[in-house]
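K.L.:
Quick one, protein29.txt (compact mmCIF, C-alpha atoms and all ligand atoms):
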```txt
# COMPACT_ATOMS: atom_id res chain seq x y z
CA MET A 152 0.00 0.00 0.00
CA SER A 153 1.35 3.42 -0.87
CA GLU A 154 2.12 5.81 1.95
CA ALA A 155 -0.51 8.24 0.62
CA VAL A 156 -3.26 5.61 0.74
CA ARG A 157 -2.16 4.44 4.17
CA THR A 158 -2.31 8.01 5.44
CA ILE A 159 -5.78 8.54 4.02
CA LEU A 160 -7.08 5.31 5.49
CA GLN A 161 -5.57 6.24 8.82
CA THR A 162 -6.98 9.77 8.61
CA ASN A 163 -10.41 8.37 7.91
CA ALA A 164 -10.13 5.97 10.81
CA ASP A 165 -8.98 8.81 13.06
CA SER A 166 -11.73 11.15 11.97
CA ALA A 167 -14.27 8.39 12.51
CA ARG A 168 -13.27 8.46 16.18
CA GLU A 169 -13.67 12.22 16.49
CA THR A 170 -16.96 13.35 17.89
CA THR A 171 -16.76 17.13 17.59
CA ALA A 172 -18.85 18.59 14.81
CA GLU A 173 -15.90 20.62 13.52
CA ALA A 174 -13.71 17.58 12.96
CA ASP A 175 -13.16 16.69 9.32
CA ALA A 176 -15.27 13.65 8.61
CA GLY A 177 -13.64 12.88 5.28
CA PHE A 178 -16.61 14.20 3.30
CA LEU A 179 -16.41 15.85 -0.10
CA TRP A 180 -18.31 19.11 -0.10
CA ASP A 181 -19.49 21.10 -3.11
CA PHE A 182 -21.23 18.23 -4.85
CA TRP A 183 -24.79 17.07 -5.41
CA TYR A 184 -26.13 14.29 -3.21
CA PRO A 185 -29.53 12.58 -3.37
CA ALA A 186 -31.44 13.45 -0.19
CA VAL A 187 -34.88 11.86 -0.52
CA ARG A 188 -37.08 10.35 -3.20
CA SER A 189 -39.21 12.92 -5.05
CA ALA A 190 -42.38 11.04 -4.17
CA GLU A 191 -41.73 11.61 -0.45
CA ILE A 192 -42.40 15.35 -0.65
CA ALA A 193 -45.94 16.30 -1.56
CA GLY A 194 -48.53 18.83 -0.44
CA GLN A 195 -47.50 20.72 2.69
CA LYS A 196 -45.55 17.84 4.14
CA LEU A 197 -42.09 18.54 5.54
CA VAL A 198 -39.56 15.72 5.40
CA THR A 199 -36.22 15.51 7.19
CA ALA A 200 -32.99 14.05 5.88
CA MET A 201 -29.32 14.19 6.76
CA LEU A 202 -26.45 14.67 4.34
CA LEU A 203 -22.81 15.01 5.43
CA GLU A 204 -24.02 15.40 9.04
CA VAL A 205 -26.14 18.41 8.10
CA PRO A 206 -29.78 18.05 9.16
CA LEU A 207 -32.12 19.13 6.36
CA VAL A 208 -35.80 19.84 6.03
CA LEU A 209 -37.24 19.32 2.57
CA GLY A 210 -40.58 20.12 1.05
CA ARG A 211 -42.31 21.38 -2.04
CA THR A 212 -43.86 24.78 -2.69
CA SER A 213 -47.41 25.03 -4.02
CA GLU A 214 -45.80 25.66 -7.42
CA GLY A 215 -44.13 22.25 -7.21
CA LYS A 216 -40.56 23.41 -6.59
CA ALA A 217 -38.58 21.23 -4.20
CA PHE A 218 -36.55 23.03 -1.54
CA ALA A 219 -33.98 22.09 1.07
CA MET A 220 -33.23 24.15 4.17
CA ARG A 221 -30.98 23.48 7.10
CA ASP A 222 -33.31 21.97 9.68
CA SER A 223 -32.51 24.63 12.23
CA CYS A 224 -34.15 27.98 12.91
CA PRO A 225 -31.57 30.78 12.83
CA HIS A 226 -33.27 32.28 15.93
CA ARG A 227 -32.88 29.52 18.55
CA GLY A 228 -32.02 26.46 16.52
CA ILE A 229 -35.24 24.51 16.89
CA PRO A 230 -35.74 22.26 13.86
CA LEU A 231 -37.78 24.08 11.24
CA SER A 232 -39.36 20.72 10.41
CA TYR A 233 -41.58 21.17 13.51
CA GLY A 234 -42.98 24.26 11.80
CA ARG A 235 -45.57 24.68 9.13
CA LEU A 236 -45.41 25.20 5.38
CA ASP A 237 -48.08 27.27 3.70
CA GLY A 238 -47.01 26.44 0.16
CA LYS A 239 -44.37 29.19 0.00
CA LEU A 240 -43.32 30.24 3.49
CA LEU A 241 -42.08 28.02 6.29
CA GLU A 242 -43.11 29.21 9.74
CA CYS A 243 -41.04 28.26 12.77
CA CYS A 244 -43.08 26.61 15.52
CA TYR A 245 -41.35 28.51 18.35
CA HIS A 246 -41.75 32.29 17.74
CA GLY A 247 -43.38 32.18 14.34
CA TRP A 248 -40.57 33.65 12.24
CA ARG A 249 -41.43 33.01 8.61
CA PHE A 250 -38.93 32.17 5.89
CA ASP A 251 -39.18 31.95 2.14
CA ALA A 252 -38.71 28.22 1.60
CA CYS A 253 -36.69 28.55 -1.62
CA SER A 254 -34.24 31.27 -0.57
CA GLY A 255 -34.26 30.86 3.22
CA GLN A 256 -34.84 34.60 3.55
CA CYS A 257 -36.75 35.75 6.61
CA VAL A 258 -39.90 37.67 5.67
CA GLU A 259 -41.59 38.17 9.02
CA ILE A 260 -40.82 38.30 12.75
CA PRO A 261 -44.16 38.56 14.54
CA SER A 262 -42.72 39.98 17.80
CA LEU A 263 -41.36 43.15 16.14
CA THR A 264 -43.17 46.45 16.73
CA SER A 265 -43.27 49.40 14.39
CA GLN A 266 -40.46 50.96 16.49
CA ASP A 267 -38.04 48.10 15.80
CA LYS A 268 -35.21 48.73 13.33
CA LEU A 269 -34.16 45.08 12.78
CA LYS A 270 -33.73 44.37 9.08
CA VAL A 271 -35.73 41.17 8.82
CA GLU A 272 -34.79 40.59 5.17
CA ARG A 273 -31.12 40.32 6.13
CA ILE A 274 -31.80 37.19 8.17
CA PHE A 275 -31.48 33.88 6.34
CA ALA A 276 -32.11 30.33 7.36
CA GLY A 277 -29.56 27.92 5.86
CA HIS A 278 -30.69 26.72 2.47
CA PHE A 279 -29.19 24.63 -0.29
CA PRO A 280 -29.63 24.39 -4.06
CA CYS A 281 -32.10 21.66 -4.85
CA GLU A 282 -32.98 19.84 -8.10
CA GLU A 283 -35.04 16.80 -8.99
CA ARG A 284 -33.69 14.13 -11.32
CA ASP A 285 -34.56 10.48 -11.90
CA GLY A 286 -37.04 10.49 -9.02
CA TYR A 287 -34.65 11.93 -6.41
CA VAL A 288 -34.39 15.31 -4.76
CA TRP A 289 -30.71 16.24 -5.10
CA VAL A 290 -29.16 18.78 -2.76
CA TYR A 291 -25.96 20.64 -3.48
CA MET A 292 -23.95 20.52 -0.28
CA ASN A 293 -21.54 23.38 0.11
CA GLY A 294 -19.56 23.57 3.32
CA GLN A 295 -20.60 25.82 6.16
CA GLY A 296 -19.26 29.33 5.69
CA THR A 297 -18.32 28.69 2.05
CA GLN A 298 -19.79 30.59 -0.89
CA LEU A 299 -21.74 28.77 -3.55
CA PRO A 300 -19.84 28.70 -6.85
CA GLU A 301 -21.12 31.29 -9.34
CA THR A 302 -22.71 28.60 -11.42
CA VAL A 303 -23.72 25.46 -9.62
CA PRO A 304 -23.22 22.52 -12.02
CA ALA A 305 -26.31 20.57 -13.08
CA ALA A 306 -27.33 17.66 -10.86
CA PRO A 307 -26.36 14.21 -12.22
CA ALA A 308 -28.86 12.52 -14.52
CA LEU A 309 -29.16 8.85 -15.44
CA ALA A 310 -28.37 8.17 -19.11
CA VAL A 311 -31.35 6.76 -21.03
CA PHE A 312 -31.44 5.80 -24.72
CA SER A 313 -35.11 5.67 -25.70
CA ASP A 314 -38.35 7.51 -24.91
CA LYS A 315 -40.00 4.57 -23.23
CA TYR A 316 -38.31 2.57 -20.52
CA LYS A 317 -38.81 0.93 -17.17
CA ILE A 318 -37.17 2.31 -14.05
CA ILE A 319 -36.66 1.10 -10.50
CA HIS A 320 -35.22 2.65 -7.36
CA LEU A 321 -33.73 0.77 -4.44
CA SER A 322 -31.81 1.93 -1.43
CA CYS A 323 -30.13 0.54 1.63
CA GLU A 324 -28.20 1.96 4.55
CA LEU A 325 -24.72 0.82 5.47
CA PRO A 326 -23.33 1.36 8.96
CA SER A 327 -20.00 2.59 7.66
CA HIS A 328 -18.02 5.56 6.48
CA VAL A 329 -18.77 6.56 2.89
CA ASP A 330 -15.23 5.53 1.84
CA GLN A 331 -15.90 1.92 2.84
CA GLY A 332 -19.22 1.99 0.98
CA ILE A 333 -17.56 3.33 -2.16
CA ILE A 334 -14.64 0.94 -2.23
CA GLY A 335 -17.12 -1.88 -1.59
CA LEU A 336 -19.05 -0.75 -4.66
CA MET A 337 -16.01 -0.80 -6.95
CA ASP A 338 -14.56 -4.00 -5.54
CA PRO A 339 -14.40 -6.71 -8.21
CA ALA A 340 -13.12 -9.52 -6.00
CA HIS A 341 -16.10 -10.03 -3.68
CA GLY A 342 -18.53 -11.05 -6.43
CA PRO A 343 -17.98 -14.82 -6.39
CA PHE A 344 -18.14 -14.90 -2.57
CA VAL A 345 -20.83 -12.38 -1.64
CA HIS A 346 -23.05 -12.66 -4.70
CA GLN A 347 -23.13 -16.39 -5.23
CA SER A 348 -26.49 -17.44 -6.57
CA TRP A 349 -27.97 -19.61 -9.26
CA PHE A 350 -29.00 -16.67 -11.43
CA TRP A 351 -25.79 -14.72 -11.28
CA ARG A 352 -22.81 -16.94 -10.92
CA LYS A 353 -21.18 -19.67 -8.93
CA ARG A 354 -18.04 -19.53 -6.91
CA ALA A 355 -16.47 -22.16 -9.13
CA SER A 356 -16.85 -19.86 -12.13
CA ILE A 357 -13.99 -17.72 -10.87
CA HIS A 358 -11.51 -16.96 -13.63
CA GLU A 359 -8.87 -14.49 -14.61
CA LYS A 360 -9.98 -11.20 -16.09
CA ALA A 361 -8.16 -8.35 -17.74
CA LYS A 362 -9.98 -5.04 -17.96
CA GLN A 363 -8.80 -1.80 -19.43
CA PHE A 364 -9.31 1.43 -17.53
CA GLU A 365 -8.86 5.01 -18.62
CA PRO A 366 -8.88 8.32 -16.77
CA ILE A 367 -11.93 10.59 -17.11
CA PRO A 368 -12.47 13.94 -15.37
CA ASN A 369 -12.77 13.36 -11.59
CA GLY A 370 -12.82 9.61 -12.09
CA PHE A 371 -12.04 6.55 -14.16
CA ARG A 372 -13.76 4.37 -16.71
CA MET A 373 -13.70 0.67 -17.33
CA SER A 374 -13.35 0.99 -21.10
CA PRO A 375 -16.23 -0.38 -23.19
CA HIS A 376 -15.88 -4.16 -23.22
CA GLN A 377 -17.80 -7.39 -23.61
CA PRO A 378 -19.07 -8.30 -20.16
CA SER A 379 -18.31 -11.45 -18.27
CA ALA A 380 -19.57 -14.43 -20.28
CA ASN A 381 -20.41 -16.33 -17.08
CA SER A 382 -23.24 -13.97 -16.09
CA ALA A 383 -26.66 -15.15 -17.20
CA PRO A 384 -28.25 -11.70 -17.73
CA TYR A 385 -25.57 -10.68 -20.21
CA ARG A 386 -25.88 -13.98 -22.08
CA LEU A 387 -29.63 -13.38 -22.27
CA LEU A 388 -29.13 -9.87 -23.64
CA ALA A 389 -26.79 -11.11 -26.36
CA LYS A 390 -29.26 -13.88 -27.24
CA MET A 391 -32.16 -11.41 -27.55
CA THR A 392 -30.48 -9.04 -29.98
CA GLY A 393 -28.07 -11.38 -31.69
CA GLU A 394 -25.56 -8.57 -31.36
CA THR A 395 -22.66 -8.13 -28.99
CA VAL A 396 -23.19 -6.52 -25.61
CA THR A 397 -21.00 -3.57 -24.65
CA THR A 398 -20.58 -2.48 -21.07
CA THR A 399 -19.10 0.81 -19.88
CA ILE A 400 -18.61 1.43 -16.19
CA ASP A 401 -17.61 4.82 -14.80
CA PHE A 402 -16.74 6.01 -11.35
CA VAL A 403 -16.84 9.77 -10.80
CA LEU A 404 -16.26 11.73 -7.58
CA PRO A 405 -17.75 12.16 -5.15
CA ASN A 406 -19.72 8.90 -5.21
CA LEU A 407 -21.21 7.93 -8.57
CA ARG A 408 -20.88 4.57 -10.25
CA THR A 409 -22.71 4.24 -13.54
CA GLU A 410 -23.00 1.24 -15.77
CA ILE A 411 -24.36 1.25 -19.31
CA ASP A 412 -24.99 -1.99 -21.20
CA ARG A 413 -26.00 -1.76 -24.82
CA SER A 414 -26.75 -4.35 -27.44
CA GLY A 415 -28.40 -3.27 -30.67
CA LYS A 416 -31.50 -1.27 -29.75
CA LEU A 417 -31.66 -2.70 -26.26
CA TRP A 418 -30.06 -0.97 -23.31
CA PHE A 419 -29.73 -1.10 -19.57
CA SER A 420 -28.45 1.86 -17.58
CA SER A 421 -27.86 2.01 -13.85
CA ARG A 422 -26.36 4.29 -11.27
CA ALA A 423 -25.36 3.65 -7.71
CA THR A 424 -24.47 6.51 -5.39
CA VAL A 425 -23.03 6.09 -1.92
CA THR A 426 -24.10 9.10 0.06
CA PRO A 427 -22.52 10.10 3.36
CA VAL A 428 -25.24 10.60 5.96
CA ARG A 429 -22.99 10.68 9.01
CA ARG A 430 -19.41 9.59 9.37
CA ASP A 431 -20.62 6.19 10.59
CA LEU A 432 -23.53 5.84 8.19
CA CYS A 433 -23.94 5.96 4.45
CA ARG A 434 -26.70 5.03 2.04
CA ILE A 435 -26.64 3.36 -1.35
CA ASP A 436 -29.24 4.66 -3.79
CA PHE A 437 -29.55 2.44 -6.81
CA VAL A 438 -31.57 3.44 -9.86
CA ALA A 439 -31.80 1.39 -13.03
CA ALA A 440 -33.63 2.00 -16.29
CA TRP A 441 -33.93 -0.32 -19.29
CA ASN A 442 -35.90 -1.05 -22.43
CA LEU A 443 -35.23 -4.79 -22.38
CA PRO A 444 -38.38 -6.91 -22.24
CA ILE A 445 -37.84 -7.64 -18.56
CA PRO A 446 -40.69 -6.64 -16.23
CA VAL A 447 -39.89 -4.59 -13.15
CA ALA A 448 -41.50 -7.31 -11.03
CA ILE A 449 -38.87 -9.79 -12.23
CA PHE A 450 -35.87 -7.49 -12.01
CA ARG A 451 -36.62 -5.89 -8.65
CA PRO A 452 -36.27 -8.97 -6.43
CA PHE A 453 -32.95 -9.87 -8.05
CA ALA A 454 -31.55 -6.36 -7.61
CA LYS A 455 -32.87 -6.29 -4.06
CA LYS A 456 -31.21 -9.57 -3.20
CA PHE A 457 -27.93 -8.36 -4.71
CA LEU A 458 -28.01 -5.15 -2.67
CA ARG A 459 -29.00 -7.04 0.47
CA GLN A 460 -25.95 -9.29 0.05
CA ASP A 461 -23.71 -6.22 -0.06
CA GLN A 462 -25.50 -4.69 2.91
CA LEU A 463 -25.11 -7.80 5.07
CA THR A 464 -21.42 -7.93 4.27
CA MET A 465 -20.95 -4.27 5.17
CA ILE A 466 -22.82 -4.77 8.45
CA GLN A 467 -20.43 -7.61 9.26
CA GLN A 468 -17.44 -5.52 8.20
CA ALA A 469 -18.56 -2.64 10.45
CA GLU A 470 -18.27 -5.03 13.41
CA GLY A 471 -14.59 -5.44 12.64
CA LEU A 472 -13.93 -1.79 11.79
CA LYS A 473 -15.10 -0.73 15.27
CA TYR A 474 -11.69 -1.82 16.55
CA ASN A 475 -9.84 0.29 13.99
CA PRO A 476 -7.77 -2.47 12.38
CA ARG A 477 -5.02 -1.76 9.89
CA LEU A 478 -6.31 -2.41 6.38
CA MET A 479 -4.73 -3.43 3.07
CA LEU A 480 -5.30 -2.53 -0.53
CA ILE A 481 -3.76 -5.05 -2.91
CA ASP A 482 -3.00 -4.97 -6.63
CA ASP A 483 -4.72 -5.32 -8.98
CA ALA A 484 -8.09 -6.08 -7.42
CA ASP A 485 -7.98 -3.02 -5.14
CA ARG A 486 -6.37 -0.65 -7.61
CA GLN A 487 -9.69 1.12 -8.23
CA ALA A 488 -9.98 1.76 -4.49
CA LYS A 489 -6.48 3.25 -4.55
CA TRP A 490 -7.50 5.50 -7.44
CA TYR A 491 -10.56 6.59 -5.47
CA PHE A 492 -8.49 7.61 -2.45
CA ALA A 493 -5.93 9.35 -4.67
CA LEU A 494 -8.64 11.19 -6.65
CA LYS A 495 -10.17 12.36 -3.41
CA ALA A 496 -6.86 13.49 -1.93
CA ASN A 497 -5.85 15.25 -5.16
CA LEU A 498 -9.19 17.02 -5.42
CA LEU A 499 -8.87 18.31 -1.86
CA GLU A 500 -5.30 19.37 -2.56
CA SER A 501 -6.28 21.27 -5.71
CA ARG A 502 -9.03 23.04 -3.80
CA ARG A 503 -6.55 23.97 -1.10
CA THR A 504 -3.89 25.30 -3.47
CA GLY A 505 -6.11 26.51 -6.31
CA ALA A 506 -3.95 24.55 -8.78
CA ALA A 507 -5.48 22.20 -11.33
CA MET A 508 -6.32 18.75 -10.02
CA VAL A 509 -3.70 16.10 -10.74
CA HIS A 510 -5.26 12.89 -12.01
CA PRO A 511 -3.70 9.81 -10.41
CA MET A 512 -3.74 7.94 -13.77
CA ASP A 513 -1.61 9.14 -16.66
CA GLY A 514 -3.25 7.00 -19.34
CA PRO A 515 -5.02 3.71 -20.02
CA VAL A 516 -4.09 0.81 -17.72
CA THR A 517 -4.98 -2.86 -17.87
CA LEU A 518 -5.82 -4.44 -14.54
CA ARG A 519 -5.86 -8.20 -13.97
CA TRP A 520 -7.62 -10.10 -11.27
CA ARG A 521 -9.48 -13.35 -10.74
CA SER A 522 -13.19 -13.16 -10.01
S1 LIG B 601 -36.61 29.60 17.31
FE1 LIG B 601 -37.55 29.84 15.43
S2 LIG B 601 -38.66 31.64 15.65
FE2 LIG B 601 -37.58 31.51 17.48
FE FE B 602 -21.45 -6.27 -4.32
```
Can you dump the structure from the file as structure tokens?

P.N.:
Amino acid sequence: MSEAVRTILQTNADSARETTAEADAGFLWDFWYPAVRSAEIAGQKLVTAMLLEVPLVLGRTSEGKAFAMRDSCPHRGIPLSYGRLDGKLLECCYHGWRFDACSGQCVEIPSLTSQDKLKVERIFAGHFPCEERDGYVWVYMNGQGTQLPETVPAAPALAVFSDKYKIIHLSCELPSHVDQGIIGLMDPAHGPFVHQSWFWRKRASIHEKAKQFEPIPNGFRMSPHQPSANSAPYRLLAKMTGETVTTTIDFVLPNLRTEIDRSGKLWFSSRATVTPVRRDLCRIDFVAAWNLPIPVAIFRPFAKKFLRQDQLTMIQQAEGLKYNPRLMLIDDADRQAKWYFALKANLLESRRTGAAMVHPMDGPVTLRWRS
């Protein structure tokens, strides 16, 4: 393991032990994260969520616009989620201060008299940019005390390749730091052990693989390739179209893994995000869309089982991580995890110095492992 990776792992382990709110929890700020499903906010309902240890209250204005505020009244800190939404303004339950839900700006303080000089409009509750995509409410998390960039980039969107398609959403919580969730997601070597099943593959099917990777901005790509011939779904896809199947898998900071499988007119596109909730809790949100003739009712239980297998493993791993063991990253199976840690460290470094981010890969690389 390189010294840099060892240091990062150690730093993460150390920060996981810190309990003060100011301590760096190893989160990447200034990115979009999915907070809740779009369907959860409707009418005048207020919903709470937590991203990067920031408590949020989310809702929807009567015009249908989703909003996300810090779930804390700037007056005395009571959660705004105990208040009331009238379709545009959120009223705190304690002293009735009212805030514009989309900007966080205070518009009324009921206790003020006509003599009072307080400039109500200069008071803001914390609020965050908010966009809906693929059935999620995404929130752009910028660090406390930091300015939003002049133009906030668009929230991530799942790639789709036809007008009509099926879509499913699944999620599960993992009792671990987001780094463990992410390296679990990009780990090729656990498949034959954790995901053994009749429909996917058997342990005995383990064989050597060589995959080419290339650098992409803020991440890396498993170059388009023919997927593993020992996986039944891919064999099925090839059989249906009579054409070859091409798979492209990308990882992009802070937490996005996308996979696109295409064969003739048929396609399958999925995205998994691992979102930091707290330093000891993260959540996988998995969304998949496809135009293959596979009903949602067939696909869902398989995907659910797959995710559940990962979740159980991570719950077991968290038992061991409580005691802060030293960990290893080995070549080539863990090289993607090393790239992740290096990407993260280099991004933080470039933000600190203002210099361009150095990509840890300088060109295409072939990795070999058995799985
Ligand atoms: S605490 Fe919210 S109005 Fe006073
Ligand atoms: Fe897995």

K.L.:
Atom CA of A:Leu207 and atom CA of A:Ala305 are how many Å apart?

P.N.:
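Answer for the atom CA of A:Leu207 to atom CA of A:Ala305 separation: 20.3 Å.
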
K.L.:
What lies within 8 Å of A:Pro427 using only C-alpha atoms, ignoring chain neighbours under 2 positions off, as a compact mmCIF listing (two decimals) with C-alpha atoms, in the frame of the given file?

P.N.:
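Heads up, here's the output in around05.txt:
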```txt
# COMPACT_ATOMS: atom_id res chain seq x y z
CA PHE A 178 -16.61 14.20 3.30
CA LEU A 202 -26.45 14.67 4.34
CA LEU A 203 -22.81 15.01 5.43
CA GLU A 204 -24.02 15.40 9.04
CA HIS A 328 -18.02 5.56 6.48
CA VAL A 329 -18.77 6.56 2.89
CA VAL A 425 -23.03 6.09 -1.92
CA ARG A 429 -22.99 10.68 9.01
CA ARG A 430 -19.41 9.59 9.37
CA LEU A 432 -23.53 5.84 8.19
CA CYS A 433 -23.94 5.96 4.45
CA ARG A 434 -26.70 5.03 2.04
```

K.L.:
List the neighbours of A:Ala454 out to 10 Å using all atoms listed in the file; skip same-chain residues closer than 3 positions along the sequence, and give me the result as a list of chain:residue names.

P.N.:
A:Ile319, A:His320, A:Leu321, A:Phe437, A:Ala439, A:Ile449, A:Phe450, A:Arg451, A:Phe457, A:Leu458, A:Arg459, A:Gln460

K.L.:
Selected residues, C-alpha atoms, written as a CSV table (one decimal), in the frame of the given file, please.

P.N.:
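again28.csv, written as the output of this step:
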```csv
chain,number,residue,atom,x,y,z
A,319,ILE,CA,-36.7,1.1,-10.5
A,320,HIS,CA,-35.2,2.6,-7.4
A,321,LEU,CA,-33.7,0.8,-4.4
A,437,PHE,CA,-29.6,2.4,-6.8
A,439,ALA,CA,-31.8,1.4,-13.0
A,449,ILE,CA,-38.9,-9.8,-12.2
A,450,PHE,CA,-35.9,-7.5,-12.0
A,451,ARG,CA,-36.6,-5.9,-8.6
A,457,PHE,CA,-27.9,-8.4,-4.7
A,458,LEU,CA,-28.0,-5.2,-2.7
A,459,ARG,CA,-29.0,-7.0,0.5
A,460,GLN,CA,-26.0,-9.3,0.0
```

K.L.:
Counting all atoms listed in the file, find the residues whose atoms lie at most 8 Å from (-31.0, 12.2, -3.9) (file coordinates) and write them out as a PyMOL selection string.

P.N.:
chain A and resi 184-188+283+287-290+436

K.L.:
Pick out the residues no farther than 8 Å from ligand LIG 601 (chain B), counting all atoms listed in the file, and list them as a list in words.

P.N.:
Ser223, Cys224, Pro225, His226, Arg227, Gly228, Ile229, Pro230, Leu231, Glu242, Cys243, Cys244, Tyr245, His246, Gly247, Trp248, Arg249 and Ile260 of chain A

K.L.:
Could you jot down the atom CA of A:Pro339 to atom FE of ligand FE 602 (chain B) separation for me, Å, one decimal place?

P.N.:
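Distance between the two atoms: 8.1 Å.
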
K.L.:
Which residue out of A:Val447, A:Phe279, A:Gly210, A:Met337 has the minimum interatomic distance to A:Gln298 when all atoms listed in the file are used?

P.N.:
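Of A:Val447, A:Phe279, A:Gly210, A:Met337, the one nearest A:Gln298 is A:Phe279, counting all atoms listed in the file.
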
K.L.:
Hey, could you pull the box centre and edge lengths for stretch 229-236 of chain A, axis-aligned, 5 Å padding per side, all listed atoms, to one decimal in Å, as JSON?

P.N.:
```
{"center_x": -40.4, "center_y": 23.0, "center_z": 11.1, "size_x": 20.3, "size_y": 14.5, "size_z": 21.5}
```

K.L.:
My list of candidates is A:His341, A:Arg273, A:Arg284, A:Lys456. Which is closest to A:Ala306 when distances are computed with all atoms listed in the file?

P.N.:
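The closest residue to A:Ala306 is A:Arg284.
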
K.L.:
Which distance in Å separates atom CA of A:Ile435 and atom CA of A:Glu324, to one decimal?

P.N.:
6.3 Å

K.L.:
Hey, what's within 8 Å of A:Leu480 if we count all atoms listed in the file and toss same-chain stuff fewer than 4 positions away? As an MDAnalysis selection string, please?

P.N.:
chainID A and resid 152 485:486 488:489

K.L.:
Smallest atom-to-atom distance to A:His358: which of A:Tyr316, A:Pro452, A:Ala340, A:Ile334, using only C-alpha atoms?

P.N.:
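Using only C-alpha atoms, the shortest distance to A:His358 belongs to A:Ala340.
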
K.L.:
Mind listing whatever residues come within 12 Å of the point (-41.8, 13.2, 4.2)? Use all atoms listed in the file, file coordinates, and give them as a list of chain:residue names.

P.N.:
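The residues near that point, listed by chain and number, are A:Ala186, A:Val187, A:Arg188, A:Ser189, A:Ala190, A:Glu191, A:Ile192, A:Ala193, A:Gly194, A:Gln195, A:Lys196, A:Leu197, A:Val198, A:Thr199, A:Ala200, A:Leu207, A:Val208, A:Leu209, A:Gly210, A:Arg211, A:Ser232, A:Val288.
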
K.L.:
Closest to ligand FE 602 (chain B) among A:Thr264, A:Gln462, A:Ser313, A:Asn475, using all atoms listed in the file?

P.N.:
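Counting all atoms listed in the file, the residue closest to ligand FE 602 (chain B) is A:Gln462.
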
K.L.:
In terms of the shortest atom-to-atom distance over all atoms listed in the file, which of A:Leu417, A:Ile411, A:Leu472, A:Ile333 is closest to ligand FE 602 (chain B)?

P.N.:
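When distances to ligand FE 602 (chain B) are compared using all atoms listed in the file, the smallest one comes from A:Ile333.
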
K.L.:
What lies within 9 Å of A:Thr392 using only C-alpha atoms, ignoring chain neighbours under 4 positions off, as a count of residues only?

P.N.:
7

K.L.:
Choose the residue, out of A:Val271, A:Ala496, A:Lys317, A:Ser262, that has the smallest atom-to-atom separation from A:Pro444; count all atoms listed in the file.

P.N.:
A:Lys317

K.L.:
Have stretch 406-415 of chain A completed to N, CA, C and O atoms, please, and pass it along as a JSON list (two decimals), in the frame of the given file.

P.N.:
```json
[["chain", "number", "residue", "atom", "x", "y", "z"],
["A", 406, "ASN", "N", -19.14, 10.17, -5.65],
["A", 406, "ASN", "CA", -19.72, 8.90, -5.21],
["A", 406, "ASN", "C", -20.53, 8.18, -6.27],
["A", 406, "ASN", "O", -21.40, 7.41, -5.92],
["A", 407, "LEU", "N", -20.31, 8.46, -7.55],
["A", 407, "LEU", "CA", -21.21, 7.93, -8.57],
["A", 407, "LEU", "C", -20.59, 6.78, -9.34],
["A", 407, "LEU", "O", -19.50, 6.92, -9.91],
["A", 408, "ARG", "N", -21.30, 5.67, -9.39],
["A", 408, "ARG", "CA", -20.88, 4.57, -10.25],
["A", 408, "ARG", "C", -22.00, 4.34, -11.25],
["A", 408, "ARG", "O", -23.14, 4.09, -10.88],
["A", 409, "THR", "N", -21.68, 4.47, -12.52],
["A", 409, "THR", "CA", -22.71, 4.24, -13.54],
["A", 409, "THR", "C", -22.29, 3.09, -14.41],
["A", 409, "THR", "O", -21.10, 2.85, -14.63],
["A", 410, "GLU", "N", -23.28, 2.35, -14.87],
["A", 410, "GLU", "CA", -23.00, 1.24, -15.77],
["A", 410, "GLU", "C", -23.99, 1.31, -16.92],
["A", 410, "GLU", "O", -25.20, 1.45, -16.70],
["A", 411, "ILE", "N", -23.49, 1.23, -18.14],
["A", 411, "ILE", "CA", -24.36, 1.25, -19.31],
["A", 411, "ILE", "C", -24.06, 0.00, -20.13],
["A", 411, "ILE", "O", -22.92, -0.23, -20.53],
["A", 412, "ASP", "N", -25.11, -0.80, -20.36],
["A", 412, "ASP", "CA", -24.99, -1.99, -21.20],
["A", 412, "ASP", "C", -25.83, -1.76, -22.43],
["A", 412, "ASP", "O", -27.00, -1.40, -22.33],
["A", 413, "ARG", "N", -25.24, -1.96, -23.59],
["A", 413, "ARG", "CA", -26.00, -1.76, -24.82],
["A", 413, "ARG", "C", -25.76, -2.92, -25.76],
["A", 413, "ARG", "O", -24.66, -3.46, -25.85],
["A", 414, "SER", "N", -26.84, -3.30, -26.44],
["A", 414, "SER", "CA", -26.75, -4.35, -27.44],
["A", 414, "SER", "C", -27.82, -4.07, -28.47],
["A", 414, "SER", "O", -29.01, -4.15, -28.16],
["A", 415, "GLY", "N", -27.42, -3.66, -29.67],
["A", 415, "GLY", "CA", -28.40, -3.27, -30.67],
["A", 415, "GLY", "C", -29.26, -2.15, -30.13],
["A", 415, "GLY", "O", -28.75, -1.18, -29.58]]
```
